[in-house]
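Novice: Structure file input_27.cif, mmCIF, C-alpha atoms, is pasted below:
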```cif
data_query
loop_
_atom_site.group_PDB
_atom_site.id
_atom_site.type_symbol
_atom_site.label_atom_id
_atom_site.label_comp_id
_atom_site.auth_asym_id
_atom_site.auth_seq_id
_atom_site.Cartn_x
_atom_site.Cartn_y
_atom_site.Cartn_z
ATOM 1 C CA MET A 29 121.295 127.311 220.507
ATOM 2 C CA ILE A 30 121.584 123.880 218.900
ATOM 3 C CA SER A 31 124.096 122.838 221.545
ATOM 4 C CA LEU A 32 121.541 123.781 224.209
ATOM 5 C CA ARG A 33 118.957 121.553 222.504
ATOM 6 C CA ILE A 34 121.448 118.691 222.314
ATOM 7 C CA GLY A 35 122.380 119.103 225.963
ATOM 8 C CA LEU A 36 118.726 119.233 227.023
ATOM 9 C CA THR A 37 117.961 116.153 224.946
ATOM 10 C CA ALA A 38 120.877 114.240 226.474
ATOM 11 C CA LEU A 39 119.771 115.236 229.964
ATOM 12 C CA LEU A 40 116.162 114.198 229.303
ATOM 13 C CA LEU A 41 117.266 110.817 227.920
ATOM 14 C CA MET A 42 119.599 110.148 230.858
ATOM 15 C CA ILE A 43 116.887 111.020 233.373
ATOM 16 C CA ALA A 44 114.358 108.839 231.524
ATOM 17 C CA VAL A 45 116.731 105.843 231.404
ATOM 18 C CA THR A 46 117.615 106.241 235.079
ATOM 19 C CA VAL A 47 113.986 106.451 236.206
ATOM 20 C CA GLN A 48 112.894 103.636 233.873
ATOM 21 C CA THR A 49 115.576 101.207 235.022
ATOM 22 C CA SER A 50 115.611 102.055 238.734
ATOM 23 C CA MET A 51 112.123 103.126 239.814
ATOM 24 C CA LEU A 52 109.502 101.990 237.322
ATOM 25 C CA PRO A 53 110.147 98.221 237.619
ATOM 26 C CA HIS A 54 108.715 98.460 241.151
ATOM 27 C CA ILE A 55 105.274 99.403 239.786
ATOM 28 C CA ALA A 56 105.204 96.882 236.941
ATOM 29 C CA VAL A 57 102.053 94.919 236.138
ATOM 30 C CA ALA A 58 102.639 91.447 234.664
ATOM 31 C CA GLY A 59 106.281 92.388 234.146
ATOM 32 C CA VAL A 60 105.403 95.495 232.109
ATOM 33 C CA SER A 61 106.061 99.066 233.230
ATOM 34 C CA CYS A 62 105.879 102.494 231.638
ATOM 35 C CA ASP A 63 108.373 102.978 228.793
ATOM 36 C CA LEU A 64 109.530 106.431 229.820
ATOM 37 C CA VAL A 65 112.378 106.546 227.291
ATOM 38 C CA MET A 66 109.946 105.882 224.435
ATOM 39 C CA ILE A 67 107.652 108.654 225.708
ATOM 40 C CA VAL A 68 110.560 111.134 225.818
ATOM 41 C CA VAL A 69 111.611 110.066 222.299
ATOM 42 C CA VAL A 70 108.050 110.588 221.019
ATOM 43 C CA ALA A 71 107.922 114.017 222.668
ATOM 44 C CA LEU A 72 111.246 115.005 221.105
ATOM 45 C CA ALA A 73 110.092 113.719 217.715
ATOM 46 C CA LEU A 74 106.860 115.703 217.998
ATOM 47 C CA ALA A 75 108.904 118.769 218.913
ATOM 48 C CA ARG A 76 111.631 118.524 216.263
ATOM 49 C CA GLY A 77 110.635 116.072 213.503
ATOM 50 C CA PRO A 78 111.527 112.598 212.195
ATOM 51 C CA GLU A 79 115.304 113.013 211.955
ATOM 52 C CA TRP A 80 115.551 114.246 215.536
ATOM 53 C CA GLY A 81 113.164 111.463 216.624
ATOM 54 C CA ALA A 82 115.220 108.745 214.945
ATOM 55 C CA ILE A 83 118.506 110.010 216.370
ATOM 56 C CA THR A 84 117.172 110.445 219.896
ATOM 57 C CA GLY A 85 115.397 107.089 219.668
ATOM 58 C CA PHE A 86 118.625 105.391 218.672
ATOM 59 C CA LEU A 87 120.578 107.069 221.486
ATOM 60 C CA GLY A 88 117.892 106.424 224.106
ATOM 61 C CA GLY A 89 117.587 102.810 222.982
ATOM 62 C CA LEU A 90 121.335 102.364 223.048
ATOM 63 C CA LEU A 91 121.398 103.641 226.620
ATOM 64 C CA LEU A 92 118.696 101.107 227.530
ATOM 65 C CA ASP A 93 120.699 98.383 225.782
ATOM 66 C CA VAL A 94 123.862 98.949 227.819
ATOM 67 C CA VAL A 95 122.647 100.190 231.220
ATOM 68 C CA PRO A 96 122.253 97.423 233.812
ATOM 69 C CA PRO A 97 120.103 95.339 234.269
ATOM 70 C CA ALA A 98 120.186 94.862 230.467
ATOM 71 C CA ASP A 99 120.067 91.136 229.784
ATOM 72 C CA HIS A 100 119.548 91.127 226.022
ATOM 73 C CA THR A 101 121.562 91.627 222.860
ATOM 74 C CA ALA A 102 122.658 95.244 222.503
ATOM 75 C CA GLY A 103 120.984 97.148 219.711
ATOM 76 C CA ARG A 104 117.464 95.803 220.015
ATOM 77 C CA TRP A 105 116.057 98.811 221.893
ATOM 78 C CA ALA A 106 118.145 101.164 219.754
ATOM 79 C CA LEU A 107 116.477 99.861 216.583
ATOM 80 C CA ALA A 108 112.996 99.762 218.099
ATOM 81 C CA LEU A 109 113.112 103.291 219.510
ATOM 82 C CA ALA A 110 114.790 104.756 216.420
ATOM 83 C CA LEU A 111 111.884 103.482 214.305
ATOM 84 C CA SER A 112 109.321 104.730 216.834
ATOM 85 C CA GLY A 113 110.950 108.155 216.971
ATOM 86 C CA TYR A 114 111.038 108.400 213.196
ATOM 87 C CA VAL A 115 107.363 107.443 212.835
ATOM 88 C CA ALA A 116 106.328 109.892 215.578
ATOM 89 C CA GLY A 117 108.285 112.634 213.820
ATOM 90 C CA MET A 118 106.559 111.801 210.536
ATOM 91 C CA ILE A 119 103.209 112.222 212.269
ATOM 92 C CA ARG A 120 104.352 115.705 213.307
ATOM 93 C CA ARG A 121 105.404 116.473 209.748
ATOM 94 C CA GLU A 122 102.099 115.259 208.280
ATOM 95 C CA THR A 123 100.096 117.485 210.632
ATOM 96 C CA SER A 124 101.990 120.621 209.642
ATOM 97 C CA ALA A 125 98.736 122.601 209.561
ATOM 98 C CA GLY A 126 98.991 122.892 213.330
ATOM 99 C CA PRO A 127 100.194 121.129 216.452
ATOM 100 C CA VAL A 128 99.155 117.549 217.109
ATOM 101 C CA GLY A 129 96.166 117.591 219.472
ATOM 102 C CA PRO A 130 95.754 115.511 222.640
ATOM 103 C CA LEU A 131 94.030 112.651 220.824
ATOM 104 C CA GLY A 132 96.727 112.664 218.157
ATOM 105 C CA VAL A 133 99.427 112.550 220.827
ATOM 106 C CA ALA A 134 97.701 109.624 222.578
ATOM 107 C CA LEU A 135 97.373 107.722 219.306
ATOM 108 C CA THR A 136 101.011 108.476 218.476
ATOM 109 C CA VAL A 137 102.081 107.082 221.860
ATOM 110 C CA VAL A 138 99.999 103.915 221.364
ATOM 111 C CA LEU A 139 101.393 103.454 217.842
ATOM 112 C CA SER A 140 104.939 104.005 219.097
ATOM 113 C CA ALA A 141 104.422 101.556 221.964
ATOM 114 C CA ALA A 142 103.132 98.908 219.554
ATOM 115 C CA LEU A 143 105.944 99.532 217.086
ATOM 116 C CA SER A 144 108.759 99.541 219.646
ATOM 117 C CA LEU A 145 107.483 96.495 221.537
ATOM 118 C CA GLY A 146 106.824 94.658 218.274
ATOM 119 C CA VAL A 147 110.279 95.379 216.847
ATOM 120 C CA TYR A 148 111.959 94.534 220.165
ATOM 121 C CA SER A 149 110.061 91.224 220.380
ATOM 122 C CA ALA A 150 110.628 90.369 216.703
ATOM 123 C CA THR A 151 114.373 90.930 216.985
ATOM 124 C CA GLY A 152 114.325 88.840 220.148
ATOM 125 C CA SER A 153 112.621 86.016 218.266
ATOM 126 C CA LEU A 154 115.178 86.222 215.484
ATOM 127 C CA LEU A 155 117.976 86.044 218.060
ATOM 128 C CA HIS A 156 116.272 83.173 219.963
ATOM 129 C CA ASP A 157 115.710 85.168 223.154
ATOM 130 C CA PRO A 158 113.885 82.819 225.569
ATOM 131 C CA ALA A 159 112.149 85.794 227.239
ATOM 132 C CA VAL A 160 110.044 86.503 224.113
ATOM 133 C CA ASP A 161 106.556 85.026 224.525
ATOM 134 C CA TRP A 162 104.267 85.783 221.592
ATOM 135 C CA GLY A 163 101.326 84.212 223.425
ATOM 136 C CA GLU A 164 101.392 87.065 225.956
ATOM 137 C CA PHE A 165 102.216 89.800 223.429
ATOM 138 C CA GLY A 166 98.683 91.217 223.220
ATOM 139 C CA VAL A 167 98.308 91.452 226.990
ATOM 140 C CA ARG A 168 101.737 93.035 227.385
ATOM 141 C CA LEU A 169 101.004 95.487 224.583
ATOM 142 C CA GLY A 170 97.703 96.525 226.175
ATOM 143 C CA ILE A 171 99.327 97.105 229.564
ATOM 144 C CA ALA A 172 102.277 98.928 228.006
ATOM 145 C CA ALA A 173 100.045 101.172 225.894
ATOM 146 C CA GLY A 174 97.909 102.062 228.920
ATOM 147 C CA TYR A 175 100.929 102.840 231.065
ATOM 148 C CA ASP A 176 102.541 104.857 228.277
ATOM 149 C CA VAL A 177 99.462 106.991 227.615
ATOM 150 C CA VAL A 178 99.187 107.796 231.320
ATOM 151 C CA GLY A 179 102.895 108.659 231.468
ATOM 152 C CA ALA A 180 102.604 110.731 228.299
ATOM 153 C CA ILE A 181 99.963 112.949 229.906
ATOM 154 C CA VAL A 182 102.663 114.331 232.188
ATOM 155 C CA VAL A 183 105.881 113.889 230.203
ATOM 156 C CA ILE A 184 105.019 115.051 226.676
ATOM 157 C CA PRO A 185 103.675 118.530 227.553
ATOM 158 C CA LEU A 186 106.666 119.088 229.833
ATOM 159 C CA VAL A 187 109.198 118.060 227.157
ATOM 160 C CA LEU A 188 107.422 120.078 224.458
ATOM 161 C CA TRP A 189 107.447 123.139 226.734
ATOM 162 C CA MET A 190 111.173 122.726 227.470
ATOM 163 C CA MET A 191 112.049 122.262 223.791
ATOM 164 C CA ARG A 192 109.962 125.308 222.873
ATOM 165 C CA ARG A 193 111.915 127.371 225.398
ATOM 166 C CA VAL A 194 115.254 126.629 223.685
ATOM 167 C CA VAL A 195 114.108 127.645 220.195
ATOM 168 C CA PRO A 196 115.661 130.926 219.016
ATOM 169 C CA ALA A 197 113.243 133.836 218.565
ATOM 170 C CA ARG A 198 113.763 133.961 214.788
ATOM 171 C CA GLU A 199 112.785 130.277 214.485
ATOM 172 C CA ARG A 200 109.862 130.756 216.843
ATOM 173 C CA ARG A 201 108.436 133.465 214.597
ATOM 174 C CA ARG A 202 108.865 131.255 211.555
ATOM 175 C CA VAL A 203 107.336 128.117 213.139
ATOM 176 C CA LEU A 204 104.668 129.554 215.407
ATOM 177 C CA PRO A 205 101.978 131.882 214.050
#
```
Hey, can you dump this file as structure tokens for me?
Specialist:
Amino acid sequence: MISLRIGLTALLLMIAVTVQTSMLPHIAVAGVSCDLVMIVVVALALARGPEWGAITGFLGGLLLDVVPPADHTAGRWALALALSGYVAGMIRRETSAGPVGPLGVALTVVLSAALSLGVYSATGSLLHDPAVDWGEFGVRLGIAAGYDVVGAIVVIPLVLWMMRRVVPARERRRVLP
């Protein structure tokens, strides 16, 4: 069953990277579009915990770092999304009394958007990336967070449902009341 989860996760990440790099740039506002890979990573972290979130964040970020039209130093998205996935998974762990509600999911997405964009921009500054503009950071963060929350309304429930479907019955009884 774990291999089914890994395969589903890989498929979800590949679909998210493909859609994010090919379709979403066409609906960008001020150069910012929905970060679909980050939303999938947050959903997987909420479904499986911080370790799963960090690993999937690293892999999803690495895919973003190497898939064209990547024009930055490889590893920046991998670090940013690994941290976001870990933090989202920790939020799941801290709310072990029950599932994270809709407001908690929205706040987790906003926090993850701020963390991933902040880490990506900070590493860009350290590496002297001319595309990093701290003067526009607040505007870009606001647009990104809005886009991500809207995208999360559709993506997160779908990913959580799919991950729930691949959980063995003995685990389901132990995790779900």
Novice: With distances taken over all atoms listed in the file, which of A:Pro96, A:Ile34, A:Pro78, A:Ala73 is nearest to Thr46 of chain A?
Specialist: A:Pro96
Novice: Using only C-alpha atoms, which of the listed residues (A:Arg168, A:Arg192, A:Arg33, A:Arg121) sits closest to Val57 of chain A?
Specialist: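 Of A:Arg168, A:Arg192, A:Arg33, A:Arg121, the one nearest Val57 of chain A, counting only C-alpha atoms, is A:Arg168.
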Novice: Run the PyMOL selection byres ((chain A and resi 136-153) around 9) on the file and write out the hits as JSON, numbers by chain.
Specialist: {"A": [63, 66, 67, 70, 100, 101, 104, 105, 107, 108, 109, 110, 111, 112, 113, 115, 116, 119, 131, 132, 133, 134, 135, 154, 155, 156, 157, 158, 159, 160, 161, 162, 165, 168, 169, 170, 172, 173, 174, 176, 177, 180]}
Novice: Nearest residue to Gly35 of chain A out of A:Thr84, A:Arg120, A:Leu64, A:Gly77, using only C-alpha atoms?
Specialist: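 Using only C-alpha atoms, Gly35 of chain A sits closest to A:Thr84.
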Novice: Rounded to one decimal in Å, what is the spacing between atom CA of Leu72 of chain A and atom CA of Ser31 of chain A?
Specialist: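 That distance, rounded to one decimal, is 15.1 Å.
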Novice: Report, in Å to a single decimal, how far apart atom CA of Leu90 of chain A and atom CA of Ala102 of chain A are.
Specialist: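 Those two atoms sit 7.3 Å apart.
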Novice: Please, what distance in Å, to one decimal, runs between atom CA of Val194 of chain A and atom CA of Gln48 of chain A?
Specialist: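 One can read the atom CA of Val194 of chain A to atom CA of Gln48 of chain A distance as 25.3 Å.
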Novice: Quick one: of A:Val45, A:Ala38, A:Met191, A:Val167, who's nearest to Ile83 of chain A, counting only C-alpha atoms?
Specialist: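 Result for the nearest residue to Ile83 of chain A: A:Ala38.
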Novice: Choose the residue, out of A:Gly163, A:Pro97, A:Pro185, A:Gly129, that has the smallest atom-to-atom separation from Thr49 of chain A; count all atoms listed in the file.
Specialist: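 Among A:Gly163, A:Pro97, A:Pro185, A:Gly129, it is A:Pro97 that comes nearest to Thr49 of chain A.
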Novice: Which is closest to Tyr114 of chain A among A:Met190, A:Ile171, A:Ile55, A:Leu74, if we use only C-alpha atoms?
Specialist: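 Of all the options, A:Leu74 lies closest to Tyr114 of chain A.
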